[in-house]
>>> print(open('run-v5.txt').read())   # compact mmCIF, C-alpha atoms
# COMPACT_ATOMS: atom_id res chain seq x y z
CA MET J 1 0.00 0.00 0.00
CA LYS J 2 2.82 2.38 0.95
CA ASN J 3 4.70 1.64 -2.29
CA SER J 4 1.52 2.22 -4.31
CA LEU J 5 0.97 5.60 -2.66
CA GLY J 6 4.59 6.57 -3.32
CA LEU J 7 4.27 5.57 -6.96
CA ALA J 8 1.00 7.47 -7.30
CA LEU J 9 2.58 10.57 -5.76
CA ARG J 10 5.52 10.50 -8.17
CA ILE J 11 3.24 9.99 -11.17
CA LEU J 12 1.06 12.87 -9.96
CA VAL J 13 4.10 15.17 -9.56
CA ALA J 14 5.42 14.25 -13.01
CA ALA J 15 1.98 14.73 -14.63
CA ALA J 16 1.47 18.07 -12.89
CA SER J 17 4.89 19.26 -14.03
CA LEU J 18 4.26 18.30 -17.64
CA LEU J 19 0.81 19.91 -17.54
CA PHE J 20 2.31 23.11 -16.12
CA ILE J 21 4.92 23.20 -18.90
CA GLY J 22 2.26 22.52 -21.52
CA VAL J 23 0.04 25.36 -20.32
CA LYS J 24 2.94 27.82 -20.18
CA VAL J 25 4.19 26.92 -23.67
CA TYR J 26 0.65 26.97 -25.11
CA ARG J 27 0.04 30.45 -23.71
CA GLN J 28 3.36 31.58 -25.15
CA PHE J 29 2.44 30.40 -28.63
CA ALA J 30 -1.17 31.59 -28.29
CA ASN J 31 0.20 35.12 -27.99
CA GLY J 32 2.12 34.68 -31.22
CA LEU J 33 4.98 32.48 -32.39
CA PRO J 34 8.21 33.51 -30.62
CA THR J 35 10.76 34.88 -33.04
CA ASP J 36 13.85 34.31 -30.86
CA ILE J 37 13.93 30.50 -30.63
CA ALA J 38 15.02 29.66 -34.16
CA GLY J 39 18.18 27.92 -32.94
CA LEU J 40 20.71 27.51 -30.19
CA SER J 41 23.77 29.73 -29.86
CA VAL J 42 26.80 27.56 -30.57
CA THR J 43 29.42 28.93 -28.15
CA PRO J 44 27.53 28.53 -24.83
CA LEU J 45 26.24 25.17 -26.04
CA LEU J 46 29.77 23.92 -26.73
CA ILE J 47 31.01 25.12 -23.33
CA THR J 48 28.08 23.28 -21.71
CA VAL J 49 29.04 20.08 -23.53
CA VAL J 50 32.69 20.46 -22.46
CA LEU J 51 31.53 20.72 -18.82
CA VAL J 52 29.65 17.39 -18.99
CA PRO J 53 32.76 15.21 -18.44
CA VAL J 54 33.93 17.71 -15.80
CA ASN J 55 30.63 17.20 -13.97
CA TRP J 56 30.93 13.41 -13.90
CA LEU J 57 34.68 13.39 -13.25
CA ILE J 58 34.02 15.34 -10.06
CA GLU J 59 31.38 12.78 -9.06
CA ALA J 60 33.83 9.97 -9.86
CA LEU J 61 36.50 11.59 -7.67
CA LYS J 62 33.96 11.78 -4.84
CA TRP J 63 33.06 8.11 -5.24
CA GLN J 64 36.75 7.21 -5.36
CA LYS J 65 37.37 8.98 -2.05
CA LEU J 66 34.27 7.53 -0.35
CA THR J 67 35.31 3.96 -1.24
CA ALA J 68 39.07 4.39 -0.76
CA HIS J 69 38.99 2.60 2.61
CA LEU J 70 37.24 -0.38 1.02
CA GLN J 71 38.78 -0.93 -2.37
CA LEU J 72 41.29 0.74 -4.63
CA LEU J 73 39.55 2.23 -7.66
CA SER J 74 41.37 3.93 -10.47
CA LEU J 75 39.75 7.08 -11.82
CA SER J 76 38.64 5.13 -14.91
CA GLN J 77 37.03 2.43 -12.75
CA SER J 78 35.37 5.05 -10.59
CA VAL J 79 33.92 6.82 -13.65
CA ARG J 80 32.67 3.48 -14.92
CA SER J 81 31.04 2.71 -11.56
CA VAL J 82 29.36 6.13 -11.38
CA LEU J 83 27.97 5.88 -14.92
CA ALA J 84 26.74 2.35 -14.25
CA GLY J 85 24.89 3.68 -11.22
CA LEU J 86 23.43 6.50 -13.31
CA ALA J 87 22.19 4.01 -15.92
CA VAL J 88 20.43 1.85 -13.31
CA SER J 89 18.99 4.89 -11.52
CA MET J 90 17.16 6.00 -14.67
CA LEU J 91 14.59 3.26 -14.05
CA THR J 92 14.06 3.82 -10.33
CA PRO J 93 12.26 6.47 -8.23
CA ASN J 94 14.45 9.36 -7.08
CA ARG J 95 17.48 7.57 -8.55
CA MET J 96 17.40 5.07 -5.70
CA GLY J 97 18.94 2.44 -7.97
CA ASP J 98 22.14 4.44 -8.24
CA PHE J 99 23.84 2.54 -5.41
CA ALA J 100 22.99 -0.83 -7.01
CA GLY J 101 24.80 0.09 -10.21
CA ARG J 102 27.79 1.47 -8.36
CA ILE J 103 28.34 -1.43 -5.97
CA SER J 104 27.97 -4.00 -8.75
CA LEU J 105 31.56 -3.15 -9.71
CA LEU J 106 32.83 -3.65 -6.16
CA LYS J 107 33.88 -6.99 -4.72
CA PRO J 108 30.98 -8.81 -3.01
CA GLU J 109 32.45 -8.41 0.48
CA ASN J 110 32.61 -4.63 -0.01
CA ARG J 111 29.12 -4.06 -1.37
CA THR J 112 27.28 -3.48 1.91
CA SER J 113 29.74 -0.78 2.96
CA GLY J 114 29.78 0.47 -0.63
CA ALA J 115 26.00 0.93 -0.51
CA MET J 116 26.42 3.13 2.58
CA ALA J 117 29.18 5.09 0.80
CA ALA J 118 26.80 5.67 -2.12
CA PHE J 119 24.07 6.83 0.27
CA VAL J 120 26.50 9.23 1.96
CA GLY J 121 27.58 10.56 -1.44
CA SER J 122 23.96 11.23 -2.41
CA PHE J 123 23.34 12.93 0.93
CA ALA J 124 26.44 15.07 0.42
CA GLN J 125 25.09 16.22 -2.95
CA MET J 126 21.70 17.03 -1.48
CA LEU J 127 23.36 18.90 1.40
CA ALA J 128 25.50 20.86 -1.06
CA LEU J 129 22.38 21.93 -2.98
CA ALA J 130 20.67 22.88 0.28
CA LEU J 131 23.63 24.97 1.44
CA LEU J 132 23.91 26.74 -1.91
CA GLY J 133 20.15 27.28 -1.97
CA VAL J 134 20.19 28.84 1.50
CA ALA J 135 23.16 31.03 0.54
CA ALA J 136 21.32 32.18 -2.60
CA PHE J 137 18.17 32.90 -0.60
CA CYS J 138 20.20 35.06 1.78
CA LEU J 139 21.35 37.14 -1.19
CA LYS J 140 17.71 38.03 -1.93
CA PRO J 141 17.47 37.28 -5.67
CA VAL J 142 14.38 38.13 -7.71
CA LEU J 143 11.84 35.66 -6.34
CA PRO J 144 8.79 34.13 -8.03
CA ASP J 145 5.36 35.22 -6.81
CA PHE J 146 4.78 32.20 -4.59
CA LEU J 147 7.86 33.06 -2.51
CA LEU J 148 7.25 36.80 -2.19
CA TRP J 149 5.77 36.31 1.30
CA THR J 150 9.32 35.73 2.53
CA THR J 151 10.14 39.38 1.82
CA ALA J 152 7.75 40.49 4.55
CA HIS J 153 9.09 37.79 6.87
CA TYR J 154 12.70 37.86 5.72
CA ALA J 155 14.52 37.52 9.06
CA PRO J 156 12.40 34.57 10.34
CA SER J 157 12.64 32.84 6.95
CA ILE J 158 16.43 33.15 6.82
CA THR J 159 16.73 32.03 10.45
CA VAL J 160 14.71 28.86 9.80
CA LEU J 161 16.74 28.08 6.67
CA LEU J 162 20.08 28.64 8.41
CA VAL J 163 19.08 26.45 11.37
CA ALA J 164 17.88 23.70 9.02
CA ALA J 165 21.13 23.86 7.03
CA ALA J 166 23.18 23.74 10.25
CA LEU J 167 21.24 20.71 11.50
CA LEU J 168 21.72 18.87 8.19
CA THR J 169 25.45 19.62 8.26
CA PHE J 170 25.68 18.50 11.89
CA PHE J 171 23.89 15.25 11.05
CA TYR J 172 26.11 14.67 8.01
CA PHE J 173 29.33 14.84 10.01
CA LEU J 174 28.25 13.23 13.28
CA ALA J 175 25.74 10.53 12.28
CA GLY J 176 28.56 8.08 11.47
CA LYS J 177 29.96 8.22 15.00
CA TYR J 178 26.62 7.18 16.47
CA ALA J 179 25.98 4.68 13.66
CA ALA J 180 29.17 2.83 14.62
CA LYS J 181 27.44 1.77 17.86
CA PHE J 182 24.24 0.63 16.15
CA LYS J 183 22.90 -2.86 17.01
CA ALA J 184 20.16 -4.61 15.05
CA GLY J 185 19.99 -7.98 16.76
CA HIS J 186 19.38 -10.74 14.22
CA TRP J 187 19.28 -8.27 11.31
CA LEU J 188 23.03 -8.44 10.78
CA TRP J 189 22.98 -7.05 7.24
CA ILE J 190 21.19 -3.93 8.47
CA GLU J 191 23.71 -3.60 11.27
CA ARG J 192 26.65 -3.94 8.85
CA PHE J 193 25.09 -1.36 6.56
CA VAL J 194 24.54 1.24 9.29
CA VAL J 195 27.79 0.59 11.15
CA SER J 196 29.80 1.04 7.93
CA ALA J 197 28.95 4.76 8.07
CA GLY J 198 31.34 4.99 10.99
CA GLN J 199 34.21 3.95 8.70
CA LEU J 200 34.01 7.27 6.88
CA THR J 201 36.30 9.78 8.55
CA SER J 202 35.51 13.48 8.92
CA LYS J 203 38.23 14.17 6.37
CA ARG J 204 36.54 11.96 3.78
CA LEU J 205 33.15 13.48 4.52
CA ALA J 206 34.49 17.01 4.21
CA SER J 207 36.18 16.12 0.92
CA ALA J 208 32.95 14.59 -0.42
CA LEU J 209 30.95 17.68 0.58
CA CYS J 210 33.46 20.07 -1.02
CA LEU J 211 33.40 18.07 -4.27
CA SER J 212 29.59 18.06 -4.15
CA ILE J 213 29.53 21.85 -3.82
CA ILE J 214 31.95 22.23 -6.74
CA ARG J 215 29.88 19.85 -8.85
CA SER J 216 26.69 21.74 -7.97
CA CYS J 217 28.31 24.96 -9.14
CA VAL J 218 29.28 23.26 -12.41
CA PHE J 219 25.77 22.19 -13.34
CA MET J 220 24.33 25.52 -12.21
CA ILE J 221 26.72 27.24 -14.61
CA GLN J 222 25.71 24.71 -17.27
CA LEU J 223 22.06 25.70 -16.93
CA TRP J 224 22.96 29.39 -17.16
CA LEU J 225 24.94 28.65 -20.33
CA MET J 226 22.09 26.61 -21.81
CA LEU J 227 19.67 29.44 -21.11
CA ALA J 228 22.06 31.76 -22.95
CA ALA J 229 22.28 29.23 -25.79
CA ALA J 230 18.47 29.26 -26.03
CA GLY J 231 18.41 33.06 -26.14
CA VAL J 232 17.67 33.78 -22.45
CA TRP J 233 20.36 36.26 -21.40
CA ILE J 234 20.17 36.83 -17.64
CA ASP J 235 22.54 38.59 -15.27
CA PHE J 236 25.00 35.93 -14.03
CA GLY J 237 24.57 36.68 -10.30
CA SER J 238 20.77 36.81 -10.35
CA ALA J 239 20.59 33.71 -12.53
CA LEU J 240 22.86 31.62 -10.28
CA CYS J 241 20.89 32.62 -7.19
CA SER J 242 17.59 31.57 -8.76
CA ILE J 243 19.11 28.40 -10.22
CA ALA J 244 20.58 27.46 -6.83
CA ILE J 245 17.17 27.81 -5.15
CA MET J 246 15.57 25.90 -8.03
CA TYR J 247 17.94 22.94 -7.70
CA CYS J 248 17.43 22.96 -3.94
CA PHE J 249 13.69 22.46 -4.54
CA VAL J 250 14.29 19.89 -7.32
CA SER J 251 16.44 17.75 -5.02
CA VAL J 252 13.53 17.10 -2.63
CA VAL J 253 10.71 16.56 -5.16
CA PRO J 254 9.80 12.85 -5.57
CA THR J 255 10.04 11.68 -9.18
CA PHE J 256 11.44 9.14 -11.60
CA ALA J 257 14.73 9.93 -13.35
CA LEU J 258 13.01 9.60 -16.73
CA ALA J 259 10.53 12.32 -15.66
CA GLU J 260 13.23 14.63 -14.29
CA TRP J 261 13.28 16.82 -17.37
CA GLY J 262 9.62 17.62 -16.73
CA ILE J 263 10.23 18.47 -13.08
CA ARG J 264 13.25 20.60 -13.91
CA GLY J 265 11.43 22.33 -16.73
CA SER J 266 8.48 23.27 -14.53
CA MET J 267 10.77 24.41 -11.70
CA ALA J 268 12.80 26.48 -14.16
CA LEU J 269 9.63 28.22 -15.29
CA LEU J 270 8.76 29.03 -11.68
CA PHE J 271 12.18 30.31 -10.64
CA ILE J 272 13.81 31.62 -13.82
CA ALA J 273 10.91 33.01 -15.84
CA PRO J 274 10.57 36.04 -13.48
CA LEU J 275 14.10 37.05 -14.54
CA GLY J 276 13.27 37.09 -18.25
CA GLY J 277 12.88 34.87 -21.29
CA ASN J 278 9.82 33.08 -22.63
CA ALA J 279 8.53 29.68 -21.53
CA THR J 280 9.60 27.90 -24.71
CA GLN J 281 13.20 29.05 -24.43
CA ILE J 282 13.45 28.03 -20.79
CA VAL J 283 11.92 24.60 -21.40
CA ILE J 284 14.20 23.98 -24.39
CA ALA J 285 17.25 24.90 -22.29
CA THR J 286 16.34 22.55 -19.42
CA ILE J 287 15.42 19.63 -21.68
CA VAL J 288 18.59 19.89 -23.79
CA LEU J 289 20.71 20.17 -20.65
CA TRP J 290 19.04 17.07 -19.16
CA LEU J 291 19.67 15.14 -22.37
CA ILE J 292 23.39 15.94 -22.58
CA ASN J 293 24.09 15.97 -18.85
CA VAL J 294 22.05 12.95 -17.72
CA ALA J 295 20.54 10.89 -20.54
CA LEU J 296 23.69 10.67 -22.68
CA PRO J 297 26.03 9.70 -19.78
CA ALA J 298 23.41 7.17 -18.63
CA ALA J 299 23.46 5.59 -22.11
CA VAL J 300 27.26 5.37 -21.91
CA GLY J 301 26.97 3.80 -18.45
CA ALA J 302 24.44 1.24 -19.68
CA ILE J 303 26.93 0.03 -22.29
CA TRP J 304 30.24 0.49 -20.49
CA GLY J 305 29.15 -0.34 -16.96
CA ILE J 306 27.53 -3.72 -17.63
CA VAL J 307 30.83 -5.40 -18.50
CA PRO J 308 32.33 -6.89 -15.30
CA SER J 309 35.79 -5.87 -14.27
CA LYS J 310 38.17 -7.15 -11.62
CA LEU J 311 39.04 -4.53 -9.07
CA PRO J 312 41.91 -5.06 -6.63
CA ASN J 313 41.42 -4.80 -2.90
CA ARG J 314 42.90 -1.82 -1.20
CA GLN J 315 45.48 -2.42 1.47
CA ASN J 316 44.34 -1.32 4.89
CA GLN J 317 45.36 2.22 5.51
CA ASN J 318 44.10 5.24 7.33
CA SER J 319 43.53 8.58 5.67
>>> encode(input="run-v5.txt", output="structure tokens")
Amino acid sequence: MKNSLGLALRILVAAASLLFIGVKVYRQFANGLPTDIAGLSVTPLLITVVLVPVNWLIEALKWQKLTAHLQLLSLSQSVRSVLAGLAVSMLTPNRMGDFAGRISLLKPENRTSGAMAAFVGSFAQMLALALLGVAAFCLKPVLPDFLLWTTAHYAPSITVLLVAAALLTFFYFLAGKYAAKFKAGHWLWIERFVVSAGQLTSKRLASALCLSIIRSCVFMIQLWLMLAAAGVWIDFGSALCSIAIMYCFVSVVPTFALAEWGIRGSMALLFIAPLGGNATQIVIATIVLWLINVALPAAVGAIWGIVPSKLPNRQNQNS
């Protein structure tokens, strides 16, 4: 019953997003065919494409560091593992299948701890988006209508956001220490999974969070470039603030990976449209970015990541 409700919620969110996009685009064309969407500007599009491998290399470096205490992975093997996880996640809600694809390239005895490392990596990315979103909110960018109430209640709103961000950061760094003492009785696999969080040192966690923040900045810049490629020229500072808040919201919306472009498109219309540009341009930018940044790497991972490879164990060492 719970799974059915979760599935229904995700389908409802995806359908609502697509309907919202459809209405916005229809209204745009009903007022006359836009004359500024004939094609994409080449230069910002090329820069966006160049940043795609940078995006996933950063994620691969993060995965390499999070699994360094378990198994030695070369950068190539780490990239392969990350893309395999991306390919599997495309068919699961909220990319929950990501860890399954990643740990499939680890040795069997390392997979339980590897699953926890993948969970921590995902949490680090979500935390990075939350921190950047809060920072952007503090800079008071141009906000969409449904967030204008925060202007009249600015201090309380910022206080709540800062406290929430601090609590998430506190949990991220200290949860492992308490997890190391976790006992699950006869459920030994659950105990091994939770306790493995304690194997991640503060240094590794800090490194993973820093890489997540850098990666978040990369794909925020990519969206700004794609908007420029589609003809939406927005002030860099204002755009990044709105994009940071947008991605913060996107990270907590339940959906399927294959419906992400719809969620991102609708969120982009809510957060970026107030800054300028028509609905069609914004939707085109978000869809094209999703295709080159997510769908294409996932296709590569589906082909490259399914071939098994032998990965050597890492010698025990502290870092």
>>> atom_distance(input="run-v5.txt", atom1="atom CA of Leu51 of chain J", atom2="atom CA of Gln222 of chain J")
7.2 Å
>>> atom_distance(input="run-v5.txt", atom1="atom CA of Tyr154 of chain J", atom2="atom CA of Leu132 of chain J")
17.5 Å
>>> atom_distance(input="run-v5.txt", atom1="atom CA of Trp304 of chain J", atom2="atom CA of Ser81 of chain J")
9.2 Å
>>> residues_around(input="run-v5.txt", residues="segment 225-239 of chain J", least_positions_apart="4", cutoff="12 Å", atoms="all atoms listed in the file", output="PyMOL selection string")
chain J and resi 34-51+136-137+139-143+218-221+243-246+265+268-269+271-293
>>> closest_residue(input="run-v5.txt", among="J:Ala128, J:Phe193, J:Gly176, J:Ala302", to="Cys248 of chain J", atoms="only C-alpha atoms")
J:Ala128
>>> closest_residue(input="run-v5.txt", among="J:Phe123, J:Ser202, J:Thr67, J:Val294", to="Lys107 of chain J", atoms="all atoms listed in the file")
J:Thr67
>>> residues_around(input="run-v5.txt", residues="segment 100-106 of chain J", least_positions_apart="5", cutoff="6 Å", atoms="only C-alpha atoms", output="list in words")
Ser81, Val82, Ala84, Gly85, Val88, Arg111 and Gly114 of chain J
>>> residues_near_point(input="run-v5.txt", point="(27.3, 1.7, 1.7)", cutoff="12 Å", atoms="only C-alpha atoms", output="PyMOL selection string")
chain J and resi 63+66-67+69-70+98-100+102-104+106+109-123+176+189-200
>>> residues_around(input="run-v5.txt", residues="Val134 of chain J", least_positions_apart="6", cutoff="8 Å", atoms="all atoms listed in the file", output="PyMOL selection string")
chain J and resi 158+161-162+165+245
>>> write_last_selection(input="run-v5.txt", atoms="C-alpha atoms", output="short mmCIF file (atom, residue, chain, number, x, y, z; two decimals), keeping the file's coordinate frame")
data_model
loop_
_atom_site.label_atom_id
_atom_site.label_comp_id
_atom_site.auth_asym_id
_atom_site.auth_seq_id
_atom_site.Cartn_x
_atom_site.Cartn_y
_atom_site.Cartn_z
CA ILE J 158 16.43 33.15 6.82
CA LEU J 161 16.74 28.08 6.67
CA LEU J 162 20.08 28.64 8.41
CA ALA J 165 21.13 23.86 7.03
CA ILE J 245 17.17 27.81 -5.15
#
>>> closest_residue(input="run-v5.txt", among="J:Ala206, J:Val79, J:Leu57, J:Val252", to="Leu129 of chain J", atoms="all atoms listed in the file")
J:Val252
>>> closest_residue(input="run-v5.txt", among="J:Leu174, J:Ile58, J:Ala87, J:Ala208", to="Gly301 of chain J", atoms="only C-alpha atoms")
J:Ala87
>>> closest_residue(input="run-v5.txt", among="J:Ile263, J:Ser251, J:Leu72, J:Leu127", to="Leu209 of chain J", atoms="only C-alpha atoms")
J:Leu127
